[in-house]
Amino acid sequence: MSDHIDNKGTRMGMWFFLYTEIMLFGGLFVLYAAYFHRYTKDFIIAGNETMLVLGTLNTAILLVSSFAVAAAVKAMGRNSSKAVIVLLSITIFLGLAFLFNKYIEWSRDFTHGYYPGSAKMLDGPKGQSIFFALYFTLTGLHALHVFIGTTVLGTCIVLTVKKRITATRMNFLENTGLFWHLVDIIWIFLFPLFYLLL
Amino acid sequence: MKKADTRSNEVIEENQEYTISYRQLSVVLGALLTLTALTVAVSRINLGYMKIWISLLIAAAKGTLVLLFFMQIRSVGKAVSVTFIVTLVILALFIGLIFFDIDFR
Amino acid sequence: MAAEQSFYHTPSSPRHTGFTAWLLTTDHKRIGLMYGAVILCYFLVGMTLGLLMRTELMSVNHKIVSAQTYNALFTLHGVIMIFIFIIPGMPTIFGNFFMPIQIGAEDVIFPRLNLMTFYLFVIGGILAIVSLFAMGPPDTGWTFYVPFSISTHTGVTLTVFAVFVLGVSSMLTGINFITTIHRCRAKGMGWMQIPLFTWTIYSTAWVQVLATPVIGITMLLILVERVFGVGLLDPSKGGDPLMYQHLFWMYSHPAVYIMILPGMGIISEIFPVFSRKPIFGYRSIVAAGMGIATIGSLVWAHHMFVSGISDEAVLVFSFFTFIVAVPSAVKVFNWVSTMYGGSIDFKPPLFFALWFIFLFTIGGLTGLVQGAAGQNVHIHDTHWVVGHFHFVMFGGSGFALIAGLHYWWPKMFGRMYDYKKAFIGGYMLVVGFMMHYFPMFILGLEGMPRRYYTYLPRYWAWNFFEGIGGYIMVAGIILIFVNLFLSFRNPPTAPADPWGGTTLEWSIPSPPPLKNFTREPIVASYPYDFSEQARKLKEGGTDVTT
């Protein structure tokens, strides 16, 4: 097997993997579209109950983290490992902050009965229960991806320290960045669908 | 040592297509945050059925910025640029065709 | 010469010998063969389950299995045959072994990912087996329709998770193949020089990448519903069970194109070689393949005509269903036209390819009958449907796979097989197949439902007849495989090019060396150029093989 690594090919493969993620979430967006059409008024009422401030903050958090990881990739291209480690650490910190915010949101939702199967939802209009069913499924799947991304970013830091990722061998870092950006883009769409239906 | 040099030259050449300055990245971030503020502000106005379309449009604009400048989608070649659009079209078709059912029941 | 040594004698990494030369290999040829071994085992299990069902159906009154068991039988027969045999079959066995060689590459672009997809596949298969014993085998049918799949107290949770894992394997294979075809082609191998089998692997890979995630999320939804009861598909909580069907078929219809396209690719390889003539309409076959993949993604709700969807949806999906038949027909015309004016070499690969045309055409035409909404009302969920999909999946994909085995066997294993037994086994298979599946159209029109373990006495005669056919069919299959495996008694002296083929796999030894090519492959400007063969014929002798 030849030692020459096809950098462009490796990045291409990662993009094709991102397509599978788009279609995976896509299935849930299909569900959202169908139920929004059916229960529009209930969605808007339920949409008022999501925590707008935390949602907006999380949006900003992911956008800044996307910036950080893009800057980290650029820094690695310049061989500035120290800058890379700092920027990746910021990205991870922001990812964890995102997850912490989600924990706060979900805790509050469970306490106040904003989840499918709660007394409030069972008594109320079905559309609102469906809204929250979609909310937990979509943001849950997304949070899982944030968690995975954060872990892989941590691996990038370790590999950078060990000099296994360098300016001439940075496919792993670039591809991790691509994954993180996709996670950001998915949230960019989730945000208006669940927080801005007011 | 010679081998490593030619490899790094190759990589630098490849990354030429990939260059975006820190400054440009910051500008894009600024634009993204501005669009976020905009979409939150717009959501407070009563626009009826247009509201969700406008917020999705702004989201699409934000997504496009991330794709073009953070992810550098154009630097991987036509294969990716074209097939990415195809993917979105397929997803749009899935959602669109479903509406032939749910809109008419 | 060491470089020319067959890949069997050259482990992909010098450190690995014996079992690890296989289990830890990154060589696409070994991975393809390992997939083949696992898939063959599961196929035999699936075939046995099928035979059990048909034996049960040979009598109205006598029971060899309980009703519950029968439900489990048709569920597992479907899950195994569809998710573990046909969907992965041709892409992972022949796609892995031959696609890199056909484009002049050493291997796929991501060899370690390739090995990982194999292990994901194995794990998925094991999970499916375990689910039999977890809470009782699933009894929902391979389609796992809600609400029954959510409420049933059988091992559905594990089964749908197994399908999810198998889906991941499929997606990653697709990514690997697409990127390989884009990046690893030999010099001179442009897009219009790629052999037709590789083109179908390419189209199939796109369907794998874009459609499989949808069933991934659908299976996860069942899981989430069973465990957390979120209600997205539960009418009592506001969900719409039809949305499940939409999501399920959004993948599962394109999946049938994953099943057939590589088979069509194999047929496209066989006809030119055994007609000693270029394929008729290379470009239109390429376009038709991509057309089938694209339009085939827009027809899914033709599985749902009587489920309660709107009339407008029925109209739209019926329309697209008729459209998608066009590119398939184009291919059939092109294959048949390839034979016209050619010099026919009637060997087993061509034999099976001809039966493919006949059986697939019947399957396709009966599919059009289903695609017509009015007729669909009468035949939905009857045995007509069972007949249709077996004609396309077995008469189509199955026969194409067997044809591919007979075409590429000498290349993979270096041994020729006995032609006579191949023909006998083939005829037995065809006779049994027609006896077994054709009457299903009659039974369906007469109203016999599918997935029922018993039936009205007036359906008995055909069911009994079908059962006999089933046993003849199985005997034929067994003879075919025994014949192929008996080839191992012959010495490994198969020539590099036993059939007079023109694509790159016939320019290297049988079996190939580890890195496939010992010198730079010479890429022809047109992959089906038989002028060299014609020249050899003119110069003397009738042997165009090397």
# chains A, B, ... in the order shown; residues from 1 in each chain; ligands from 1
call {"tool": "interface_residues", "arguments": {"of": "chain A", "to": "chain B", "cutoff": "8 Å", "atoms": "only C-alpha atoms", "output": "NGL selection string"}}
result
:A and (8 or 11-12 or 15-16 or 19 or 23 or 26 or 30 or 33-34 or 37-38 or 56 or 59-60 or 63-64 or 66-67 or 70-71 or 74 or 77 or 167-168 or 177-178 or 181 or 185 or 188-189 or 192-193 or 196-198)
call {"tool": "write_last_selection", "arguments": {"atoms": "C-alpha atoms", "output": "mmCIF file, in the first residue's frame"}}
result
data_model
loop_
_atom_site.group_PDB
_atom_site.id
_atom_site.type_symbol
_atom_site.label_atom_id
_atom_site.label_comp_id
_atom_site.auth_asym_id
_atom_site.auth_seq_id
_atom_site.Cartn_x
_atom_site.Cartn_y
_atom_site.Cartn_z
ATOM 1 C CA LYS A 8 -8.176 15.853 -0.888
ATOM 2 C CA ARG A 11 -11.560 15.402 3.010
ATOM 3 C CA MET A 12 -13.935 14.368 0.228
ATOM 4 C CA TRP A 15 -17.898 15.469 3.245
ATOM 5 C CA PHE A 16 -19.757 12.394 2.000
ATOM 6 C CA TYR A 19 -24.212 13.995 3.837
ATOM 7 C CA MET A 23 -30.034 12.884 5.839
ATOM 8 C CA GLY A 26 -33.276 15.171 7.598
ATOM 9 C CA VAL A 30 -39.430 15.649 7.550
ATOM 10 C CA ALA A 33 -42.464 19.664 8.663
ATOM 11 C CA ALA A 34 -45.376 17.232 8.638
ATOM 12 C CA HIS A 37 -48.312 21.650 9.080
ATOM 13 C CA ARG A 38 -50.834 19.655 11.078
ATOM 14 C CA THR A 56 -29.990 32.202 21.810
ATOM 15 C CA THR A 59 -26.624 29.554 19.241
ATOM 16 C CA ALA A 60 -23.962 32.159 19.895
ATOM 17 C CA LEU A 63 -21.104 29.997 16.305
ATOM 18 C CA VAL A 64 -18.091 31.187 18.315
ATOM 19 C CA SER A 66 -17.145 27.111 14.977
ATOM 20 C CA PHE A 67 -14.966 30.190 14.580
ATOM 21 C CA ALA A 70 -11.792 27.119 11.950
ATOM 22 C CA ALA A 71 -9.066 29.301 13.426
ATOM 23 C CA LYS A 74 -5.724 27.703 10.099
ATOM 24 C CA GLY A 77 -1.644 25.066 8.702
ATOM 25 C CA ALA A 167 1.015 21.028 9.421
ATOM 26 C CA THR A 168 1.688 18.262 6.889
ATOM 27 C CA GLY A 177 -13.546 20.633 12.209
ATOM 28 C CA LEU A 178 -15.910 19.770 9.377
ATOM 29 C CA HIS A 181 -19.270 22.892 11.696
ATOM 30 C CA ILE A 185 -25.277 24.231 11.057
ATOM 31 C CA ILE A 188 -28.656 26.982 13.226
ATOM 32 C CA PHE A 189 -31.777 25.333 11.827
ATOM 33 C CA PRO A 192 -35.706 28.984 14.834
ATOM 34 C CA LEU A 193 -37.803 25.809 14.662
ATOM 35 C CA LEU A 196 -38.551 31.418 17.456
ATOM 36 C CA LEU A 197 -42.065 30.211 16.788
ATOM 37 C CA LEU A 198 -43.441 32.855 19.127
#
call {"tool": "residues_around", "arguments": {"residues": "A:His142", "least_positions_apart": "5", "cutoff": "8 Å", "atoms": "only C-alpha atoms", "output": "MDAnalysis selection string"}}
result
chainID A and resid 183 186:187
call {"tool": "atom_distance", "arguments": {"atom1": "atom CA of C:Ala211", "atom2": "atom CA of C:Leu368"}}
result
22.8 Å
call {"tool": "closest_atom_pairs", "arguments": {"of": "chain C", "to": "chain A", "cutoff": "8 Å", "atoms": "only C-alpha atoms", "output": "CSV"}}
result
residue,atom,partner,partner_atom,distance
C:Glu106,CA,A:Met1,CA,7.5
C:Ile109,CA,A:Gly9,CA,7.7
C:Met171,CA,A:Thr20,CA,7.4
C:Leu172,CA,A:Phe17,CA,7.6
C:Ile175,CA,A:Phe16,CA,6.0
C:Asn176,CA,A:Gly13,CA,7.0
C:Thr179,CA,A:Gly13,CA,5.8
C:Arg183,CA,A:Gly9,CA,6.2
C:Val209,CA,A:Thr20,CA,5.8
C:Leu210,CA,A:Thr20,CA,6.0
C:Ala211,CA,A:Met23,CA,7.4
C:Thr212,CA,A:Thr20,CA,7.9
C:Pro213,CA,A:Leu24,CA,4.7
C:Val214,CA,A:Gly27,CA,5.5
C:Gly216,CA,A:Leu24,CA,6.8
C:Ile217,CA,A:Leu24,CA,5.7
C:Thr218,CA,A:Gly27,CA,7.6
C:Gly229,CA,A:Gly117,CA,7.5
C:Val230,CA,A:Ala133,CA,5.3
C:Gly231,CA,A:Ala133,CA,6.7
C:Leu232,CA,A:Ile130,CA,6.2
C:Lys237,CA,A:Lys126,CA,5.8
C:Gly238,CA,A:Lys126,CA,4.8
C:Gly239,CA,A:Ile130,CA,6.9
C:Met243,CA,A:Leu31,CA,7.1
C:Leu247,CA,A:Gly27,CA,6.9
C:Lys515,CA,A:Met1,CA,7.5
call {"tool": "residues_around", "arguments": {"residues": "C:Thr503", "least_positions_apart": "6", "cutoff": "8 Å", "atoms": "only C-alpha atoms", "output": "count of residues only"}}
result
4
call {"tool": "closest_atom_pairs", "arguments": {"of": "chain C", "to": "chain B", "cutoff": "12 Å", "atoms": "only C-alpha atoms", "output": "Markdown table"}}
result
| residue | atom | partner | partner_atom | distance |
| --- | --- | --- | --- | --- |
| C:Ile178 | CA | B:Ala79 | CA | 10.0 |
| C:Thr179 | CA | B:Ala79 | CA | 9.5 |
| C:Ile181 | CA | B:Ala79 | CA | 11.2 |
| C:His182 | CA | B:Ala79 | CA | 8.0 |
| C:Arg183 | CA | B:Ala79 | CA | 10.3 |
| C:Trp206 | CA | B:Thr83 | CA | 9.5 |
| C:Val207 | CA | B:Thr87 | CA | 10.6 |
| C:Val209 | CA | B:Thr87 | CA | 9.7 |
| C:Leu210 | CA | B:Thr87 | CA | 7.0 |
| C:Ala211 | CA | B:Ile90 | CA | 9.4 |
| C:Pro213 | CA | B:Leu91 | CA | 11.5 |
| C:Val214 | CA | B:Leu91 | CA | 10.1 |
| C:Asp240 | CA | B:Ile102 | CA | 10.3 |
| C:Leu242 | CA | B:Ile102 | CA | 9.7 |
| C:Met243 | CA | B:Ile98 | CA | 8.9 |
| C:Tyr244 | CA | B:Ile98 | CA | 11.8 |
| C:Gln245 | CA | B:Ile98 | CA | 11.1 |
| C:His246 | CA | B:Ile98 | CA | 7.7 |
| C:Leu247 | CA | B:Phe94 | CA | 9.2 |
| C:Trp249 | CA | B:Phe94 | CA | 11.0 |
| C:Met250 | CA | B:Phe94 | CA | 7.7 |
| C:Tyr251 | CA | B:Phe94 | CA | 10.6 |
| C:Ala293 | CA | B:Ile90 | CA | 11.5 |
| C:Thr294 | CA | B:Ile90 | CA | 8.8 |
| C:Ile295 | CA | B:Ile90 | CA | 10.4 |
| C:Gly296 | CA | B:Ile90 | CA | 11.4 |
| C:Ser297 | CA | B:Ile90 | CA | 8.1 |
| C:Leu298 | CA | B:Phe94 | CA | 7.5 |
| C:Val299 | CA | B:Leu97 | CA | 9.4 |
| C:Trp300 | CA | B:Phe94 | CA | 9.7 |
| C:Ala301 | CA | B:Ile98 | CA | 8.9 |
| C:His302 | CA | B:Asp101 | CA | 11.9 |
| C:Met304 | CA | B:Asp101 | CA | 10.6 |
| C:Phe305 | CA | B:Asp101 | CA | 10.6 |
| C:Ser307 | CA | B:Asp101 | CA | 11.1 |
| C:Gly308 | CA | B:Arg105 | CA | 8.3 |
| C:Ile309 | CA | B:Asp101 | CA | 5.5 |
| C:Ser310 | CA | B:Asp101 | CA | 5.0 |
| C:Asp311 | CA | B:Phe104 | CA | 7.7 |
| C:Glu312 | CA | B:Phe100 | CA | 6.0 |
| C:Ala313 | CA | B:Phe100 | CA | 4.8 |
| C:Val314 | CA | B:Asp101 | CA | 8.1 |
| C:Leu315 | CA | B:Phe100 | CA | 9.3 |
| C:Val316 | CA | B:Phe100 | CA | 7.7 |
| C:Phe317 | CA | B:Leu97 | CA | 8.7 |
| C:Phe320 | CA | B:Leu97 | CA | 11.1 |
call {"tool": "write_last_selection", "arguments": {"atoms": "C-alpha atoms", "output": "PDB file, in the first residue's frame"}}
result
ATOM      1  CA  ILE C 178     -17.726   6.893  -4.093  1.00  0.00           C
ATOM      2  CA  THR C 179     -14.459   8.452  -2.957  1.00  0.00           C
ATOM      3  CA  ILE C 181     -14.077   5.996  -7.848  1.00  0.00           C
ATOM      4  CA  HIS C 182     -13.496   9.756  -7.771  1.00  0.00           C
ATOM      5  CA  ARG C 183      -9.877   9.657  -6.623  1.00  0.00           C
ATOM      6  CA  TRP C 206     -24.982   7.260  -3.744  1.00  0.00           C
ATOM      7  CA  VAL C 207     -28.264   5.638  -2.832  1.00  0.00           C
ATOM      8  CA  VAL C 209     -25.154   7.282   1.311  1.00  0.00           C
ATOM      9  CA  LEU C 210     -28.280   9.393   0.900  1.00  0.00           C
ATOM     10  CA  ALA C 211     -31.115   6.951   1.626  1.00  0.00           C
ATOM     11  CA  PRO C 213     -29.614   7.372   7.037  1.00  0.00           C
ATOM     12  CA  VAL C 214     -33.384   7.741   6.696  1.00  0.00           C
ATOM     13  CA  ASP C 240     -49.312   9.794  12.718  1.00  0.00           C
ATOM     14  CA  LEU C 242     -48.477   6.966   8.249  1.00  0.00           C
ATOM     15  CA  MET C 243     -45.434   9.148   8.860  1.00  0.00           C
ATOM     16  CA  TYR C 244     -43.652   5.971   9.909  1.00  0.00           C
ATOM     17  CA  GLN C 245     -44.569   4.367   6.630  1.00  0.00           C
ATOM     18  CA  HIS C 246     -43.381   7.419   4.699  1.00  0.00           C
ATOM     19  CA  LEU C 247     -40.031   7.453   6.495  1.00  0.00           C
ATOM     20  CA  TRP C 249     -40.266   3.550   2.506  1.00  0.00           C
ATOM     21  CA  MET C 250     -38.207   6.659   1.807  1.00  0.00           C
ATOM     22  CA  TYR C 251     -35.257   4.336   2.340  1.00  0.00           C
ATOM     23  CA  ALA C 293     -31.233   5.837  -8.783  1.00  0.00           C
ATOM     24  CA  THR C 294     -32.641   9.373  -8.912  1.00  0.00           C
ATOM     25  CA  ILE C 295     -36.245   8.772  -9.911  1.00  0.00           C
ATOM     26  CA  GLY C 296     -36.364   5.666  -7.757  1.00  0.00           C
ATOM     27  CA  SER C 297     -35.939   7.953  -4.758  1.00  0.00           C
ATOM     28  CA  LEU C 298     -39.236   9.665  -5.548  1.00  0.00           C
ATOM     29  CA  VAL C 299     -41.643   6.718  -5.722  1.00  0.00           C
ATOM     30  CA  TRP C 300     -41.753   5.442  -2.172  1.00  0.00           C
ATOM     31  CA  ALA C 301     -45.420   5.988  -1.387  1.00  0.00           C
ATOM     32  CA  HIS C 302     -46.490   3.459  -4.003  1.00  0.00           C
ATOM     33  CA  MET C 304     -48.880   3.053   0.681  1.00  0.00           C
ATOM     34  CA  PHE C 305     -51.646   3.515  -1.895  1.00  0.00           C
ATOM     35  CA  SER C 307     -52.954   3.080   3.661  1.00  0.00           C
ATOM     36  CA  GLY C 308     -54.949   6.306   3.801  1.00  0.00           C
ATOM     37  CA  ILE C 309     -52.728   8.805   1.983  1.00  0.00           C
ATOM     38  CA  SER C 310     -54.421  11.495  -0.072  1.00  0.00           C
ATOM     39  CA  ASP C 311     -55.606  10.887  -3.626  1.00  0.00           C
ATOM     40  CA  GLU C 312     -53.232  13.586  -4.812  1.00  0.00           C
ATOM     41  CA  ALA C 313     -50.297  11.703  -3.321  1.00  0.00           C
ATOM     42  CA  VAL C 314     -51.485   8.484  -4.958  1.00  0.00           C
ATOM     43  CA  LEU C 315     -51.532  10.273  -8.314  1.00  0.00           C
ATOM     44  CA  VAL C 316     -48.063  11.771  -7.958  1.00  0.00           C
ATOM     45  CA  PHE C 317     -46.383   8.616  -6.752  1.00  0.00           C
ATOM     46  CA  PHE C 320     -43.255   8.612 -10.847  1.00  0.00           C
TER      47      PHE C 320
END
call {"tool": "residues_around", "arguments": {"residues": "stretch 108-110 of chain A", "least_positions_apart": "3", "cutoff": "10 Å", "atoms": "only C-alpha atoms", "output": "VMD selection string"}}
result
chain A and resid 49 to 51 102 to 105 113 to 116 118 132 136
call {"tool": "write_last_selection", "arguments": {"atoms": "N, CA and C atoms", "output": "PDB file, in the first residue's frame"}}
result
ATOM      1  N   GLU A  49     -42.854  28.194  25.192  1.00  0.00           N
ATOM      2  CA  GLU A  49     -42.388  27.665  26.470  1.00  0.00           C
ATOM      3  C   GLU A  49     -40.912  27.309  26.492  1.00  0.00           C
ATOM      4  N   THR A  50     -40.272  27.296  25.317  1.00  0.00           N
ATOM      5  CA  THR A  50     -38.836  26.982  25.329  1.00  0.00           C
ATOM      6  C   THR A  50     -38.087  28.210  25.837  1.00  0.00           C
ATOM      7  N   MET A  51     -36.899  27.984  26.372  1.00  0.00           N
ATOM      8  CA  MET A  51     -36.170  29.060  27.045  1.00  0.00           C
ATOM      9  C   MET A  51     -35.355  29.856  26.023  1.00  0.00           C
ATOM     10  N   LYS A 102     -28.066  22.926  27.944  1.00  0.00           N
ATOM     11  CA  LYS A 102     -29.124  21.981  27.589  1.00  0.00           C
ATOM     12  C   LYS A 102     -29.601  21.249  28.828  1.00  0.00           C
ATOM     13  N   TYR A 103     -28.675  20.938  29.709  1.00  0.00           N
ATOM     14  CA  TYR A 103     -29.039  20.246  30.946  1.00  0.00           C
ATOM     15  C   TYR A 103     -29.987  21.118  31.770  1.00  0.00           C
ATOM     16  N   ILE A 104     -29.658  22.404  31.829  1.00  0.00           N
ATOM     17  CA  ILE A 104     -30.534  23.322  32.577  1.00  0.00           C
ATOM     18  C   ILE A 104     -31.919  23.361  31.943  1.00  0.00           C
ATOM     19  N   GLU A 105     -31.915  23.506  30.605  1.00  0.00           N
ATOM     20  CA  GLU A 105     -33.204  23.587  29.915  1.00  0.00           C
ATOM     21  C   GLU A 105     -34.044  22.344  30.151  1.00  0.00           C
ATOM     22  N   GLY A 113     -43.169  19.815  33.536  1.00  0.00           N
ATOM     23  CA  GLY A 113     -44.082  18.960  32.779  1.00  0.00           C
ATOM     24  C   GLY A 113     -44.109  19.215  31.285  1.00  0.00           C
ATOM     25  N   TYR A 114     -43.047  19.854  30.752  1.00  0.00           N
ATOM     26  CA  TYR A 114     -43.037  20.080  29.301  1.00  0.00           C
ATOM     27  C   TYR A 114     -42.358  18.918  28.588  1.00  0.00           C
ATOM     28  N   TYR A 115     -42.913  17.727  28.749  1.00  0.00           N
ATOM     29  CA  TYR A 115     -42.363  16.581  28.048  1.00  0.00           C
ATOM     30  C   TYR A 115     -43.506  15.631  27.732  1.00  0.00           C
ATOM     31  N   PRO A 116     -43.384  14.879  26.619  1.00  0.00           N
ATOM     32  CA  PRO A 116     -44.487  14.001  26.234  1.00  0.00           C
ATOM     33  C   PRO A 116     -44.719  12.933  27.296  1.00  0.00           C
ATOM     34  N   SER A 118     -46.176  13.630  30.170  1.00  0.00           N
ATOM     35  CA  SER A 118     -46.438  14.265  31.474  1.00  0.00           C
ATOM     36  C   SER A 118     -47.937  14.518  31.596  1.00  0.00           C
ATOM     37  N   PHE A 132     -43.078  18.874  21.858  1.00  0.00           N
ATOM     38  CA  PHE A 132     -42.012  18.529  22.802  1.00  0.00           C
ATOM     39  C   PHE A 132     -41.372  17.179  22.477  1.00  0.00           C
ATOM     40  N   PHE A 136     -37.368  17.088  22.144  1.00  0.00           N
ATOM     41  CA  PHE A 136     -36.411  16.243  22.862  1.00  0.00           C
ATOM     42  C   PHE A 136     -35.664  15.309  21.914  1.00  0.00           C
TER      43      PHE A 136
END
call {"tool": "residues_around", "arguments": {"residues": "C:Ile31", "least_positions_apart": "5", "cutoff": "9 Å", "atoms": "only C-alpha atoms", "output": "short mmCIF file (atom, residue, chain, number, x, y, z; two decimals) with N, CA and C atoms, in the first residue's frame"}}
result
data_model
loop_
_atom_site.label_atom_id
_atom_site.label_comp_id
_atom_site.auth_asym_id
_atom_site.auth_seq_id
_atom_site.Cartn_x
_atom_site.Cartn_y
_atom_site.Cartn_z
N TRP C 22 -6.46 -12.82 7.41
CA TRP C 22 -7.81 -12.56 6.94
C TRP C 22 -8.54 -11.61 7.87
N LEU C 23 -8.52 -11.89 9.17
CA LEU C 23 -9.36 -11.13 10.09
C LEU C 23 -8.88 -9.70 10.27
N THR C 25 -7.10 -8.10 7.79
CA THR C 25 -6.63 -7.64 6.49
C THR C 25 -7.19 -6.28 6.13
N THR C 26 -6.49 -5.56 5.28
CA THR C 26 -7.07 -4.36 4.71
C THR C 26 -7.17 -4.51 3.19
N GLY C 36 -18.38 -12.47 1.53
CA GLY C 36 -19.03 -13.55 0.80
C GLY C 36 -19.32 -14.74 1.70
N THR C 92 -20.81 -5.53 -1.57
CA THR C 92 -19.69 -5.85 -0.69
C THR C 92 -18.84 -6.99 -1.22
N ILE C 93 -19.43 -7.92 -1.97
CA ILE C 93 -18.61 -9.02 -2.46
C ILE C 93 -17.94 -8.60 -3.76
N ASN C 96 -16.42 -4.83 -3.70
CA ASN C 96 -15.14 -4.80 -3.02
C ASN C 96 -14.05 -5.45 -3.85
N PHE C 97 -14.33 -6.68 -4.35
CA PHE C 97 -13.27 -7.41 -5.05
C PHE C 97 -12.90 -6.74 -6.36
N ASN C 114 -12.81 0.09 5.30
CA ASN C 114 -13.41 -1.07 4.64
C ASN C 114 -13.51 -2.24 5.61
N LEU C 115 -12.42 -2.50 6.33
CA LEU C 115 -12.44 -3.60 7.31
C LEU C 115 -13.46 -3.31 8.40
N PHE C 118 -16.87 -4.24 7.48
CA PHE C 118 -17.09 -5.68 7.57
C PHE C 118 -17.47 -6.07 8.99
#
call {"tool": "residues_around", "arguments": {"residues": "C:Phe164", "least_positions_apart": "3", "cutoff": "9 Å", "atoms": "only C-alpha atoms", "output": "list in words"}}
result
Gly124, Thr159, Val160, Phe161, Gly167, Val168, Ser169, Pro213, Ile215, Gly216, Ile217, Thr218, Met219 and Leu220 of chain C
call {"tool": "residues_around", "arguments": {"residues": "A:Leu159", "least_positions_apart": "5", "cutoff": "12 Å", "atoms": "only C-alpha atoms", "output": "PDB file with C-alpha atoms, in the first residue's frame"}}
result
ATOM      1  CA  SER A  81       0.704  24.078  17.754  1.00  0.00           C
ATOM      2  CA  VAL A  84      -4.050  25.202  18.003  1.00  0.00           C
ATOM      3  CA  ILE A  85      -4.232  23.788  21.491  1.00  0.00           C
ATOM      4  CA  LEU A  88      -9.295  23.714  20.439  1.00  0.00           C
ATOM      5  CA  VAL A 152     -13.067  13.891  19.221  1.00  0.00           C
ATOM      6  CA  LEU A 153     -11.821  17.472  19.594  1.00  0.00           C
ATOM      7  CA  GLY A 154     -10.199  16.372  22.835  1.00  0.00           C
ATOM      8  CA  ARG A 164       0.823  13.135  15.514  1.00  0.00           C
ATOM      9  CA  ILE A 165      -1.104  16.030  13.967  1.00  0.00           C
ATOM     10  CA  THR A 166       1.199  18.476  12.211  1.00  0.00           C
ATOM     11  CA  ARG A 169      -0.539  15.686   8.546  1.00  0.00           C
ATOM     12  CA  MET A 170      -3.697  17.434   9.607  1.00  0.00           C
ATOM     13  CA  ASN A 171      -6.529  15.551   7.919  1.00  0.00           C
ATOM     14  CA  PHE A 172      -7.864  14.304  11.246  1.00  0.00           C
ATOM     15  CA  LEU A 173      -8.079  17.839  12.594  1.00  0.00           C
TER      16      LEU A 173
END
call {"tool": "atom_distance", "arguments": {"atom1": "atom CA of C:Gly367", "atom2": "atom CA of C:Met290"}}
result
20.0 Å
call {"tool": "select_by_dssp", "arguments": {"residues": "stretch 16-69 of chain B", "states": "alpha helix (DSSP H)", "output": "VMD selection string"}}
result
chain B and resid 16 22 to 43 50 to 65
call {"tool": "atom_distance", "arguments": {"atom1": "atom CA of A:Thr151", "atom2": "atom CA of A:Thr176"}}
result
10.2 Å
